[in-house]
>>> print(open('run39.cif').read())   # mmCIF, C-alpha atoms
data_start
loop_
_atom_site.label_atom_id
_atom_site.label_comp_id
_atom_site.auth_asym_id
_atom_site.auth_seq_id
_atom_site.Cartn_x
_atom_site.Cartn_y
_atom_site.Cartn_z
CA MET A 1 -27.06 30.69 -64.93
CA ASN A 2 -25.94 28.84 -61.80
CA LYS A 3 -28.25 28.28 -58.85
CA ALA A 4 -26.85 31.11 -56.70
CA ASP A 5 -27.17 33.64 -59.54
CA ARG A 6 -30.67 32.43 -60.27
CA ARG A 7 -31.68 32.74 -56.63
CA GLN A 8 -30.21 36.25 -56.43
CA ALA A 9 -31.90 37.33 -59.68
CA HIS A 10 -35.21 35.91 -58.46
CA GLU A 11 -34.99 37.72 -55.13
CA ASP A 12 -34.09 40.98 -56.88
CA LEU A 13 -37.03 40.59 -59.26
CA LEU A 14 -39.48 39.93 -56.47
CA GLN A 15 -38.20 42.87 -54.48
CA ARG A 16 -38.59 45.21 -57.45
CA TYR A 17 -42.02 43.96 -58.46
CA VAL A 18 -43.59 42.83 -55.20
CA THR A 19 -46.00 45.78 -54.96
CA PRO A 20 -47.30 45.71 -58.57
CA LEU A 21 -47.49 41.91 -58.45
CA ARG A 22 -49.52 42.01 -55.25
CA ARG A 23 -51.82 44.57 -56.89
CA LEU A 24 -52.10 42.28 -59.89
CA ALA A 25 -53.00 39.32 -57.65
CA TRP A 26 -55.54 41.59 -55.99
CA SER A 27 -57.18 42.28 -59.33
CA TYR A 28 -57.61 38.56 -60.03
CA GLU A 29 -58.58 37.12 -56.66
CA ILE A 30 -60.98 38.49 -54.09
CA ASP A 31 -60.34 35.88 -51.44
CA PRO A 32 -57.19 36.85 -49.43
CA ALA A 33 -55.95 33.25 -49.11
CA ALA A 34 -56.37 32.62 -52.85
CA ARG A 35 -54.64 35.93 -53.52
CA GLU A 36 -51.64 34.88 -51.47
CA ASP A 37 -51.62 31.53 -53.28
CA LEU A 38 -51.68 33.35 -56.60
CA PHE A 39 -48.79 35.60 -55.56
CA GLN A 40 -46.79 32.50 -54.66
CA GLU A 41 -47.71 30.88 -57.99
CA ILE A 42 -46.42 33.97 -59.78
CA ALA A 43 -43.19 33.92 -57.75
CA MET A 44 -42.81 30.25 -58.61
CA ALA A 45 -43.52 30.86 -62.31
CA LEU A 46 -40.88 33.61 -62.40
CA TRP A 47 -38.39 31.24 -60.78
CA THR A 48 -39.14 28.57 -63.39
CA ALA A 49 -39.06 30.97 -66.33
CA LEU A 50 -35.98 32.91 -65.21
CA PRO A 51 -33.34 30.79 -67.04
CA ARG A 52 -35.29 31.26 -70.29
CA PHE A 53 -35.32 35.06 -70.06
CA ARG A 54 -32.98 36.21 -72.85
CA GLY A 55 -33.67 39.92 -72.72
CA GLU A 56 -35.54 39.86 -76.05
CA SER A 57 -38.28 41.93 -74.44
CA SER A 58 -37.87 44.34 -71.53
CA GLU A 59 -37.72 42.82 -68.08
CA ARG A 60 -40.94 44.58 -67.13
CA THR A 61 -42.83 43.21 -70.14
CA TRP A 62 -41.54 39.72 -69.41
CA VAL A 63 -42.47 39.85 -65.70
CA TYR A 64 -46.01 41.02 -66.45
CA ARG A 65 -46.46 38.47 -69.21
CA VAL A 66 -45.45 35.63 -66.87
CA ALA A 67 -47.59 37.06 -64.08
CA HIS A 68 -50.73 37.51 -66.18
CA ASN A 69 -50.45 34.11 -67.81
CA THR A 70 -50.01 32.53 -64.38
CA ALA A 71 -52.98 34.45 -63.01
CA ILE A 72 -55.21 33.32 -65.88
CA SER A 73 -54.18 29.67 -65.44
CA PHE A 74 -54.65 29.96 -61.69
CA ALA A 75 -58.15 31.40 -62.08
CA ALA A 76 -59.03 28.67 -64.62
CA GLN A 77 -57.78 25.96 -62.25
CA ARG A 78 -59.88 27.37 -59.43
CA ARG A 79 -62.93 27.46 -61.68
CA ARG A 80 -62.35 23.82 -62.68
CA ARG A 81 -62.15 22.86 -59.01
CA GLY A 82 -65.44 24.61 -58.44
CA GLN A 83 -63.93 27.40 -56.36
CA ARG A 84 -65.83 30.08 -58.18
CA GLU A 85 -65.14 33.75 -57.69
CA GLN A 86 -67.22 35.39 -55.04
CA PRO A 87 -69.63 38.19 -55.87
CA VAL A 88 -67.77 41.42 -56.22
CA GLU A 89 -68.14 43.79 -53.34
CA PRO A 90 -65.69 46.44 -52.22
CA VAL A 91 -63.44 44.57 -49.82
CA HIS A 92 -61.42 46.45 -47.28
CA GLU A 93 -57.93 45.08 -47.15
CA PRO A 94 -55.20 46.11 -44.76
CA ALA A 95 -53.53 48.96 -46.57
CA VAL A 96 -50.92 51.48 -45.65
CA PRO A 97 -52.65 53.62 -43.02
CA ALA A 98 -53.88 56.97 -44.29
CA PRO A 99 -52.44 59.71 -42.12
CA GLN A 100 -54.80 62.47 -43.25
CA GLU A 101 -58.57 62.76 -43.35
CA GLY A 102 -58.67 63.40 -47.12
CA HIS A 103 -57.03 60.06 -47.68
CA ALA A 104 -60.04 58.26 -46.21
CA ILE A 105 -62.17 59.48 -49.14
CA ASP A 106 -59.46 58.35 -51.55
CA GLU A 107 -59.45 54.98 -49.83
CA GLN A 108 -63.21 54.62 -50.37
CA ARG A 109 -62.89 55.52 -54.03
CA ARG A 110 -59.96 53.15 -54.37
CA MET A 111 -62.04 50.29 -52.99
CA HIS A 112 -64.80 51.05 -55.48
CA LEU A 113 -62.21 51.13 -58.26
CA TRP A 114 -60.78 47.75 -57.20
CA ALA A 115 -64.23 46.22 -57.10
CA ALA A 116 -65.00 47.63 -60.56
CA VAL A 117 -61.71 46.28 -61.96
CA GLN A 118 -62.36 42.83 -60.45
CA ALA A 119 -65.77 42.78 -62.15
CA LEU A 120 -64.28 43.31 -65.64
CA PRO A 121 -63.81 40.46 -68.15
CA VAL A 122 -60.31 38.98 -68.00
CA THR A 123 -58.86 40.65 -71.12
CA ASP A 124 -60.21 44.06 -70.13
CA ARG A 125 -58.83 43.54 -66.63
CA GLN A 126 -55.42 42.68 -68.07
CA VAL A 127 -55.34 45.74 -70.29
CA ILE A 128 -56.43 48.20 -67.63
CA VAL A 129 -54.16 46.79 -64.92
CA LEU A 130 -51.16 47.02 -67.24
CA HIS A 131 -52.14 50.55 -68.17
CA PHE A 132 -52.56 51.54 -64.52
CA GLU A 133 -49.14 50.09 -63.78
CA GLY A 134 -47.71 52.50 -66.33
CA LEU A 135 -47.02 50.22 -69.29
CA SER A 136 -47.09 51.70 -72.78
CA ALA A 137 -49.45 50.56 -75.55
CA GLN A 138 -46.55 48.73 -77.20
CA GLU A 139 -45.74 46.90 -73.96
CA ILE A 140 -49.41 45.97 -73.46
CA GLU A 141 -49.46 44.74 -77.06
CA ALA A 142 -46.42 42.54 -76.37
CA ILE A 143 -48.04 41.06 -73.27
CA THR A 144 -51.62 40.57 -74.35
CA GLY A 145 -51.21 40.00 -78.09
CA LEU A 146 -53.79 42.71 -78.84
CA THR A 147 -52.72 45.35 -81.35
CA ALA A 148 -51.84 48.79 -80.02
CA GLY A 149 -54.94 50.17 -81.77
CA ALA A 150 -57.19 47.60 -80.11
CA VAL A 151 -55.56 48.40 -76.75
CA ALA A 152 -56.31 52.11 -77.20
CA THR A 153 -59.94 51.43 -78.16
CA ARG A 154 -60.44 49.07 -75.25
CA LEU A 155 -58.84 51.48 -72.81
CA THR A 156 -61.23 54.26 -73.75
CA ARG A 157 -64.20 51.98 -73.19
CA ILE A 158 -62.88 50.42 -69.98
CA ARG A 159 -61.96 53.72 -68.40
CA GLN A 160 -65.38 55.15 -69.15
CA LYS A 161 -66.95 52.06 -67.65
CA LEU A 162 -64.75 52.21 -64.54
CA ALA A 163 -65.30 55.93 -64.04
CA ALA A 164 -69.06 55.41 -64.30
CA ARG A 165 -69.00 52.53 -61.82
CA VAL A 166 -66.89 54.42 -59.30
CA ARG A 167 -69.18 57.46 -59.61
CA GLY A 168 -72.22 55.21 -59.27
CA ALA A 169 -70.84 53.52 -56.17
CA GLU A 170 -69.99 56.89 -54.64
CA ALA A 171 -73.46 58.21 -55.38
CA ALA A 172 -75.03 55.12 -53.81
CA ARG A 173 -72.86 55.50 -50.73
CA GLU A 174 -73.80 59.17 -50.39
CA GLU A 175 -77.48 58.29 -50.74
CA ARG A 176 -77.14 55.70 -47.99
CA GLY A 177 -75.30 58.25 -45.85
CA ALA A 178 -77.92 60.98 -46.43
CA MET B 1 -61.05 63.31 -73.69
CA SER B 2 -57.42 63.75 -74.62
CA ASN B 3 -54.49 61.48 -75.25
CA THR B 4 -51.98 60.76 -72.51
CA ARG B 5 -48.57 59.13 -72.59
CA ASP B 6 -47.75 56.85 -75.50
CA GLY B 7 -50.85 57.91 -77.37
CA LEU B 8 -53.14 56.02 -75.03
CA PRO B 9 -56.53 57.53 -74.50
CA GLY B 10 -57.08 59.22 -71.18
CA SER B 11 -58.64 62.22 -69.56
CA HIS B 12 -57.13 64.82 -67.31
CA GLU B 13 -59.98 64.68 -64.85
CA ASP B 14 -59.62 60.95 -64.63
CA ASP B 15 -57.44 59.99 -61.69
CA LEU B 16 -58.07 56.25 -61.79
CA ALA B 17 -54.42 55.36 -62.42
CA ARG B 18 -53.35 57.54 -59.49
CA LEU B 19 -55.89 55.81 -57.26
CA TRP B 20 -54.67 52.40 -58.44
CA GLN B 21 -51.02 53.08 -57.87
CA GLY B 22 -51.63 54.82 -54.57
CA HIS B 23 -52.79 51.59 -53.01
CA THR B 24 -50.04 49.54 -51.51
CA VAL B 25 -51.58 46.17 -50.81
CA ALA B 26 -50.06 45.06 -47.57
CA ALA B 27 -48.40 41.68 -47.33
CA PRO B 28 -50.18 39.24 -45.03
CA ASP B 29 -49.10 39.57 -41.43
CA GLN B 30 -46.48 37.24 -39.98
CA GLU B 31 -48.90 35.54 -37.63
CA ARG B 32 -51.25 34.54 -40.47
CA LEU B 33 -48.33 33.31 -42.56
CA ALA B 34 -47.04 31.26 -39.64
CA ARG B 35 -50.51 29.73 -39.21
CA THR B 36 -50.66 28.90 -42.94
CA LEU B 37 -47.27 27.24 -42.79
CA MET B 38 -48.17 25.39 -39.61
CA VAL B 39 -51.27 23.95 -41.30
CA GLN B 40 -49.26 23.01 -44.39
CA THR B 41 -46.61 21.30 -42.27
CA TRP B 42 -49.25 19.49 -40.24
CA ARG B 43 -51.00 18.26 -43.41
CA PHE B 44 -47.71 17.17 -44.92
CA ASP B 45 -46.82 15.23 -41.74
CA ARG B 46 -50.26 13.62 -41.74
CA LYS B 47 -49.78 12.48 -45.34
CA ILE B 48 -46.40 10.97 -44.47
CA VAL B 49 -47.75 9.21 -41.38
CA ARG B 50 -50.69 7.75 -43.33
CA ARG B 51 -48.46 6.57 -46.16
CA ASN B 52 -46.02 5.01 -43.67
CA PHE B 53 -48.89 3.34 -41.86
CA ARG B 54 -49.99 1.71 -45.11
CA GLU B 55 -46.42 0.56 -45.75
CA TYR B 56 -46.10 -0.87 -42.22
CA ALA B 57 -49.47 -2.64 -42.46
CA ALA B 58 -48.65 -4.23 -45.83
CA GLY B 59 -45.15 -5.06 -44.59
CA ILE B 60 -46.44 -6.81 -41.47
CA VAL B 61 -48.89 -8.89 -43.50
CA LEU B 62 -46.08 -9.98 -45.84
CA LEU B 63 -43.74 -10.68 -42.92
CA VAL B 64 -46.38 -12.95 -41.35
CA VAL B 65 -46.87 -14.75 -44.68
CA TYR B 66 -43.12 -15.27 -45.15
CA ALA B 67 -42.65 -16.33 -41.50
CA GLY B 68 -45.49 -18.87 -41.95
CA GLN B 69 -43.84 -20.11 -45.13
CA ILE B 70 -40.58 -20.70 -43.24
CA ALA B 71 -42.33 -22.33 -40.26
CA LEU B 72 -44.40 -24.66 -42.46
CA GLY B 73 -41.39 -25.65 -44.48
CA TYR B 74 -42.82 -24.53 -47.80
CA ASP B 75 -40.00 -22.97 -49.87
CA ARG B 76 -37.93 -21.94 -46.85
CA VAL B 77 -35.34 -20.17 -49.01
CA GLY B 78 -38.04 -18.10 -50.73
CA GLY B 79 -39.63 -17.34 -47.36
CA ALA B 80 -36.31 -16.23 -45.92
CA ILE B 81 -35.55 -14.02 -48.95
CA GLY B 82 -39.00 -12.44 -48.73
CA PHE B 83 -38.77 -11.95 -44.95
CA VAL B 84 -35.39 -10.22 -45.20
CA SER B 85 -36.43 -8.07 -48.20
CA VAL B 86 -39.70 -6.87 -46.69
CA GLY B 87 -38.08 -6.50 -43.26
CA PHE B 88 -35.44 -4.27 -44.80
CA VAL B 89 -38.03 -2.03 -46.48
CA VAL B 90 -40.14 -1.68 -43.31
CA ALA B 91 -37.02 -1.00 -41.22
CA TYR B 92 -35.79 1.58 -43.73
CA VAL B 93 -39.10 3.45 -43.72
CA TRP B 94 -39.10 3.46 -39.91
CA TRP B 95 -35.43 4.53 -39.77
CA THR B 96 -35.86 7.48 -42.12
CA HIS B 97 -38.89 8.78 -40.20
CA ARG B 98 -37.79 8.09 -36.66
CA SER B 99 -37.05 11.77 -36.02
CA LEU B 100 -40.34 13.09 -37.47
CA GLU B 101 -41.85 15.05 -34.62
CA PRO B 102 -44.70 17.56 -34.45
CA LEU B 103 -43.57 21.17 -34.51
CA ASP B 104 -43.63 23.40 -31.50
CA PRO B 105 -46.90 25.39 -31.82
CA ALA B 106 -45.07 28.43 -30.47
CA ALA B 107 -42.41 28.32 -33.21
CA ASP B 108 -42.05 31.37 -35.45
CA LEU B 109 -42.49 31.75 -39.21
CA ALA B 110 -38.83 31.05 -40.01
CA ALA B 111 -38.90 27.83 -37.97
CA TYR B 112 -42.02 26.57 -39.75
CA ARG B 113 -40.63 27.45 -43.15
CA ALA B 114 -37.32 25.71 -42.39
CA ALA B 115 -39.12 22.66 -41.01
CA LEU B 116 -41.38 22.35 -44.04
CA LEU B 117 -38.44 22.73 -46.44
CA ARG B 118 -36.53 20.07 -44.49
CA ARG B 119 -39.50 17.72 -44.76
CA PHE B 120 -39.69 18.32 -48.51
CA ASP B 121 -35.96 17.62 -48.87
CA ASP B 122 -36.25 14.39 -46.88
CA GLN B 123 -39.21 13.15 -48.91
CA ILE B 124 -37.59 14.13 -52.22
CA HIS B 125 -34.50 12.16 -51.24
CA LEU B 126 -36.62 9.21 -50.12
CA LEU B 127 -38.68 9.07 -53.32
CA ARG B 128 -35.69 9.66 -55.59
CA THR B 129 -34.01 6.59 -54.09
CA VAL B 130 -37.12 4.38 -54.20
CA PRO B 131 -35.62 2.09 -56.90
CA TYR B 132 -32.77 1.19 -54.54
CA TRP B 133 -34.31 0.77 -51.09
CA TYR B 134 -37.85 -0.23 -52.07
CA LEU B 135 -38.14 -1.71 -55.55
CA LEU B 136 -34.88 -3.62 -55.71
CA PRO B 137 -35.35 -5.49 -52.38
CA LEU B 138 -38.98 -6.29 -53.24
CA PHE B 139 -38.02 -7.47 -56.71
CA VAL B 140 -35.68 -10.10 -55.30
CA PRO B 141 -38.50 -12.42 -53.97
CA CYS B 142 -40.29 -12.06 -57.35
CA LEU B 143 -37.08 -13.00 -59.13
CA TRP B 144 -36.69 -15.99 -56.82
CA GLN B 145 -40.20 -17.17 -57.66
CA SER B 146 -39.38 -16.93 -61.37
CA VAL B 147 -36.22 -19.00 -60.83
CA ARG B 148 -38.23 -21.61 -58.90
CA MET B 149 -40.78 -21.90 -61.68
CA TRP B 150 -38.11 -22.38 -64.35
CA ASP B 151 -38.39 -26.18 -64.20
CA GLN B 152 -42.12 -26.09 -64.86
CA LEU B 153 -42.46 -23.17 -67.23
CA ARG B 154 -39.06 -22.82 -68.88
CA TRP B 155 -39.02 -19.74 -71.16
CA ARG B 156 -42.67 -19.08 -70.43
CA VAL B 157 -41.47 -17.86 -67.02
CA LEU B 158 -40.48 -14.67 -68.80
CA VAL B 159 -44.17 -13.73 -69.04
CA PRO B 160 -44.85 -13.36 -65.28
CA GLY B 161 -41.26 -12.12 -64.80
CA GLY B 162 -41.78 -9.45 -67.45
CA LEU B 163 -45.10 -8.41 -65.91
CA PHE B 164 -43.46 -8.06 -62.48
CA LEU B 165 -40.65 -6.03 -64.02
CA ALA B 166 -43.07 -3.76 -65.88
CA PHE B 167 -45.02 -3.20 -62.67
CA PHE B 168 -41.87 -2.30 -60.73
CA VAL B 169 -40.70 0.05 -63.47
CA PHE B 170 -44.12 1.74 -63.42
CA VAL B 171 -44.01 2.17 -59.63
CA GLY B 172 -40.48 3.58 -59.95
CA TRP B 173 -41.64 6.05 -62.60
CA LEU B 174 -44.57 7.13 -60.44
CA ASN B 175 -42.18 7.94 -57.61
CA VAL B 176 -39.16 9.34 -59.43
CA GLY B 177 -40.81 10.71 -62.55
CA ARG B 178 -44.04 12.10 -61.10
CA ALA B 179 -43.90 12.50 -57.34
CA VAL B 180 -40.38 13.97 -57.12
CA PRO B 181 -41.00 16.83 -59.61
CA ALA B 182 -44.32 17.58 -57.88
CA LEU B 183 -42.57 17.75 -54.52
CA ARG B 184 -39.80 19.93 -55.97
CA ALA B 185 -42.40 22.34 -57.33
CA ALA B 186 -44.17 22.47 -53.97
CA ARG B 187 -40.84 23.03 -52.24
CA ALA B 188 -39.88 25.87 -54.59
CA LYS B 189 -43.26 27.44 -53.91
CA VAL B 190 -42.67 27.41 -50.16
CA GLU B 191 -39.13 28.68 -50.70
CA ALA B 192 -40.40 31.60 -52.77
CA MET B 193 -43.13 32.36 -50.27
CA PHE B 194 -43.54 35.40 -48.17
CA THR B 195 -41.29 37.92 -49.82
CA GLU B 196 -41.36 40.97 -47.68
CA GLU B 197 -42.33 44.26 -49.11
#
>>> encode(input="run39.cif", output="C-alpha cells")
Amino acid sequence: MNKADRRQAHEDLLQRYVTPLRRLAWSYEIDPAAREDLFQEIAMALWTALPRFRGESSERTWVYRVAHNTAISFAAQRRRRGQREQPVEPVHEPAVPAPQEGHAIDEQRRMHLWAAVQALPVTDRQVIVLHFEGLSAQEIEAITGLTAGAVATRLTRIRQKLAARVRGAEAAREERGA
Amino acid sequence: MSNTRDGLPGSHEDDLARLWQGHTVAAPDQERLARTLMVQTWRFDRKIVRRNFREYAAGIVLLVVYAGQIALGYDRVGGAIGFVSVGFVVAYVWWTHRSLEPLDPAADLAAYRAALLRRFDDQIHLLRTVPYWYLLPLFVPCLWQSVRMWDQLRWRVLVPGGLFLAFFVFVGWLNVGRAVPALRAARAKVEAMFTEE
C-alpha cells in the first residue's frame, strides 16, 4: 500500500466510523480533553495498523478491536500518570440539538445511560458498547476474546444492571423535581 | 426477556441500544481545537527555544575555551579545529531556526495545524541529520586529541578514542533512533486530528 492509498483508506475509515468511535471514546473518558486525545490516539492507531489489515476479519471487527485496545492502553497510561478517572456523574455534552420536547426526556435518559456505562468495569463496558453499536455475538467474541456464550451471559447481566441504574437515576431526578 | 438479533439476550421493552445510538457526540468546536493547537505549537516552540539556548550556551563556553587555547598558544591547531567545529554547529542551529516566529494569535485552525506540522517536519529533518551536522564536526576535535596523544599513549589511545566514539554513537542513536520516531508519531497524531463529522 503506497502512502497516498494509505492516506485515502485512513480518511475513508475515519469518515465511516467517526460517530461510533467518538461514542466509544465517550464511554472510556469523562474528561472532554482526554476524550479528544483518545479519539486522536485511535485515529493514530488505525493509521499505524492499516498496512497490516489483511481482511482476515471484517473491517468493522478490526476497527473496533484496534479502537478498544487503544482505549484500554490509553486509560492504563492515564492511570499510571495519576490522572485517575473522575467520579461518574451524568455529564451534558454538546449533542445534536433536540428539535422536539419529547427528545429532552430522551436526552436525560441518554445521559443517565452514558453515566451508567462509564461506571461499568472495562470488559463489561467493552461488551455492552459493541452490542449497542450493533455487533453480533460472534463479532464481539472476535474482538474481546470472550466466547459467544460468555458474551450472551454478560449481556443479560449488564443490561439488567444498566436498566436498573437508568430507572434509579430517573426516579431520583423525579423525586428531586417533586 | 427474549432473544434479539444473533441470539443475544435482550428485551423488547429495553430501548437502551436505541438511546445509545441516538446520541451523536458532537466533535469539539473549531475555536477549542484552534486553542488546543495554539497551545501545542507554543509548547513545541518553547521546547525548541530552550534546547537551542542550551546548545548556544554550551557552544559559547567551548568557543571561549578554544579561543583562549589559540591566544595562549597551547595547541593552536587543536584550538582552531575546535573553534571551527563548534562554530559550525552553533551557526547551523541558528541558521535552521532563524525563521522560527510566534504564530499570529488570530490565525485559524488550518493555519495552526499547518504550522505545527511544518515545525515537526523541520525538527524531524534536523534530528535525522544530527550525525552529519552535529556529531561529525564535534568528533573532529576529539579525533585530533587522540592523534596528539599518540606519541605518549600509542595503542592505548584507542581506549579514550573508543569511549568518545561510543558516546557519539549513543547520542546519534538517541536522536535518530528514539527522538525521530517519537516526533513522527506526534506528527501523525496531529495530522490525523480533527476529522470532521
>>> residues_around(input="run39.cif", residues="Val86 of chain B", least_positions_apart="6", cutoff="7 Å", atoms="only C-alpha atoms", output="list in words")
Gly59, Leu63 and Leu138 of chain B
>>> atom_distance(input="run39.cif", atom1="atom CA of Asn69 of chain A", atom2="atom CA of Ile30 of chain A")
17.8 Å
>>> residues_near_point(input="run39.cif", point="(-38.3, 38.5, -67.3)", cutoff="12 Å", atoms="all atoms listed in the file", output="ChimeraX atom specification")
/A:9-10,12-14,16-17,42-43,45-67,143
>>> residues_around(input="run39.cif", residues="Leu130 of chain A", least_positions_apart="2", cutoff="10 Å", atoms="only C-alpha atoms", output="mmCIF file with C-alpha atoms, keeping the file's coordinate frame")
data_model
loop_
_atom_site.group_PDB
_atom_site.id
_atom_site.type_symbol
_atom_site.label_atom_id
_atom_site.label_comp_id
_atom_site.auth_asym_id
_atom_site.auth_seq_id
_atom_site.Cartn_x
_atom_site.Cartn_y
_atom_site.Cartn_z
ATOM 1 C CA PRO A 20 -47.300 45.710 -58.570
ATOM 2 C CA LEU A 24 -52.100 42.280 -59.890
ATOM 3 C CA THR A 61 -42.830 43.210 -70.140
ATOM 4 C CA TYR A 64 -46.010 41.020 -66.450
ATOM 5 C CA ARG A 65 -46.460 38.470 -69.210
ATOM 6 C CA HIS A 68 -50.730 37.510 -66.180
ATOM 7 C CA ASP A 124 -60.210 44.060 -70.130
ATOM 8 C CA ARG A 125 -58.830 43.540 -66.630
ATOM 9 C CA GLN A 126 -55.420 42.680 -68.070
ATOM 10 C CA VAL A 127 -55.340 45.740 -70.290
ATOM 11 C CA ILE A 128 -56.430 48.200 -67.630
ATOM 12 C CA PHE A 132 -52.560 51.540 -64.520
ATOM 13 C CA GLU A 133 -49.140 50.090 -63.780
ATOM 14 C CA GLY A 134 -47.710 52.500 -66.330
ATOM 15 C CA LEU A 135 -47.020 50.220 -69.290
ATOM 16 C CA SER A 136 -47.090 51.700 -72.780
ATOM 17 C CA ALA A 137 -49.450 50.560 -75.550
ATOM 18 C CA GLU A 139 -45.740 46.900 -73.960
ATOM 19 C CA ILE A 140 -49.410 45.970 -73.460
ATOM 20 C CA ILE A 143 -48.040 41.060 -73.270
ATOM 21 C CA THR A 144 -51.620 40.570 -74.350
#
>>> closest_residue(input="run39.cif", among="A:Asn2, A:Gln160, A:Thr153, A:Gln138", to="Ala116 of chain A", atoms="only C-alpha atoms")
A:Gln160
>>> interface_residues(input="run39.cif", of="chain A", to="chain B", cutoff="7 Å", atoms="only C-alpha atoms", output="PDB file with C-alpha atoms, in the frame of the given file")
ATOM      1  CA  GLN A  15     -38.200  42.870 -54.480  1.00  0.00           C
ATOM      2  CA  VAL A  18     -43.590  42.830 -55.200  1.00  0.00           C
ATOM      3  CA  THR A  19     -46.000  45.780 -54.960  1.00  0.00           C
ATOM      4  CA  ARG A  22     -49.520  42.010 -55.250  1.00  0.00           C
ATOM      5  CA  ARG A  23     -51.820  44.570 -56.890  1.00  0.00           C
ATOM      6  CA  GLN A  40     -46.790  32.500 -54.660  1.00  0.00           C
ATOM      7  CA  GLU A  41     -47.710  30.880 -57.990  1.00  0.00           C
ATOM      8  CA  ALA A  43     -43.190  33.920 -57.750  1.00  0.00           C
ATOM      9  CA  MET A  44     -42.810  30.250 -58.610  1.00  0.00           C
ATOM     10  CA  PRO A  94     -55.200  46.110 -44.760  1.00  0.00           C
ATOM     11  CA  ALA A  95     -53.530  48.960 -46.570  1.00  0.00           C
ATOM     12  CA  VAL A  96     -50.920  51.480 -45.650  1.00  0.00           C
ATOM     13  CA  ARG A 110     -59.960  53.150 -54.370  1.00  0.00           C
ATOM     14  CA  PHE A 132     -52.560  51.540 -64.520  1.00  0.00           C
ATOM     15  CA  GLU A 133     -49.140  50.090 -63.780  1.00  0.00           C
ATOM     16  CA  SER A 136     -47.090  51.700 -72.780  1.00  0.00           C
ATOM     17  CA  ALA A 137     -49.450  50.560 -75.550  1.00  0.00           C
ATOM     18  CA  ALA A 152     -56.310  52.110 -77.200  1.00  0.00           C
ATOM     19  CA  LEU A 155     -58.840  51.480 -72.810  1.00  0.00           C
ATOM     20  CA  THR A 156     -61.230  54.260 -73.750  1.00  0.00           C
TER      21      THR A 156
END
>>> closest_residue(input="run39.cif", among="B:Gln145, B:Thr41, B:Gln123, B:Gln152", to="Phe164 of chain B", atoms="all atoms listed in the file")
B:Gln145
>>> atom_distance(input="run39.cif", atom1="atom CA of Ile72 of chain A", atom2="atom CA of Val151 of chain A")
18.6 Å
>>> residues_around(input="run39.cif", residues="Ser85 of chain B", least_positions_apart="5", cutoff="8 Å", atoms="all atoms listed in the file", output="PyMOL selection string")
chain B and resi 137-138+140-141
>>> atom_distance(input="run39.cif", atom1="atom CA of Arg35 of chain B", atom2="atom CA of Ala115 of chain A")
27.9 Å
>>> closest_residue(input="run39.cif", among="B:Ser99, B:Asp75, B:Phe168, B:Val180", to="Pro131 of chain B", atoms="all atoms listed in the file")
B:Phe168
>>> resolve_selection(input="run39.cif", expression="the PyMOL selection byres ((chain B and resi 55) around 12)", output="number ranges by chain")
B: 48-54, 56-63, 86-87, 89-94, 134
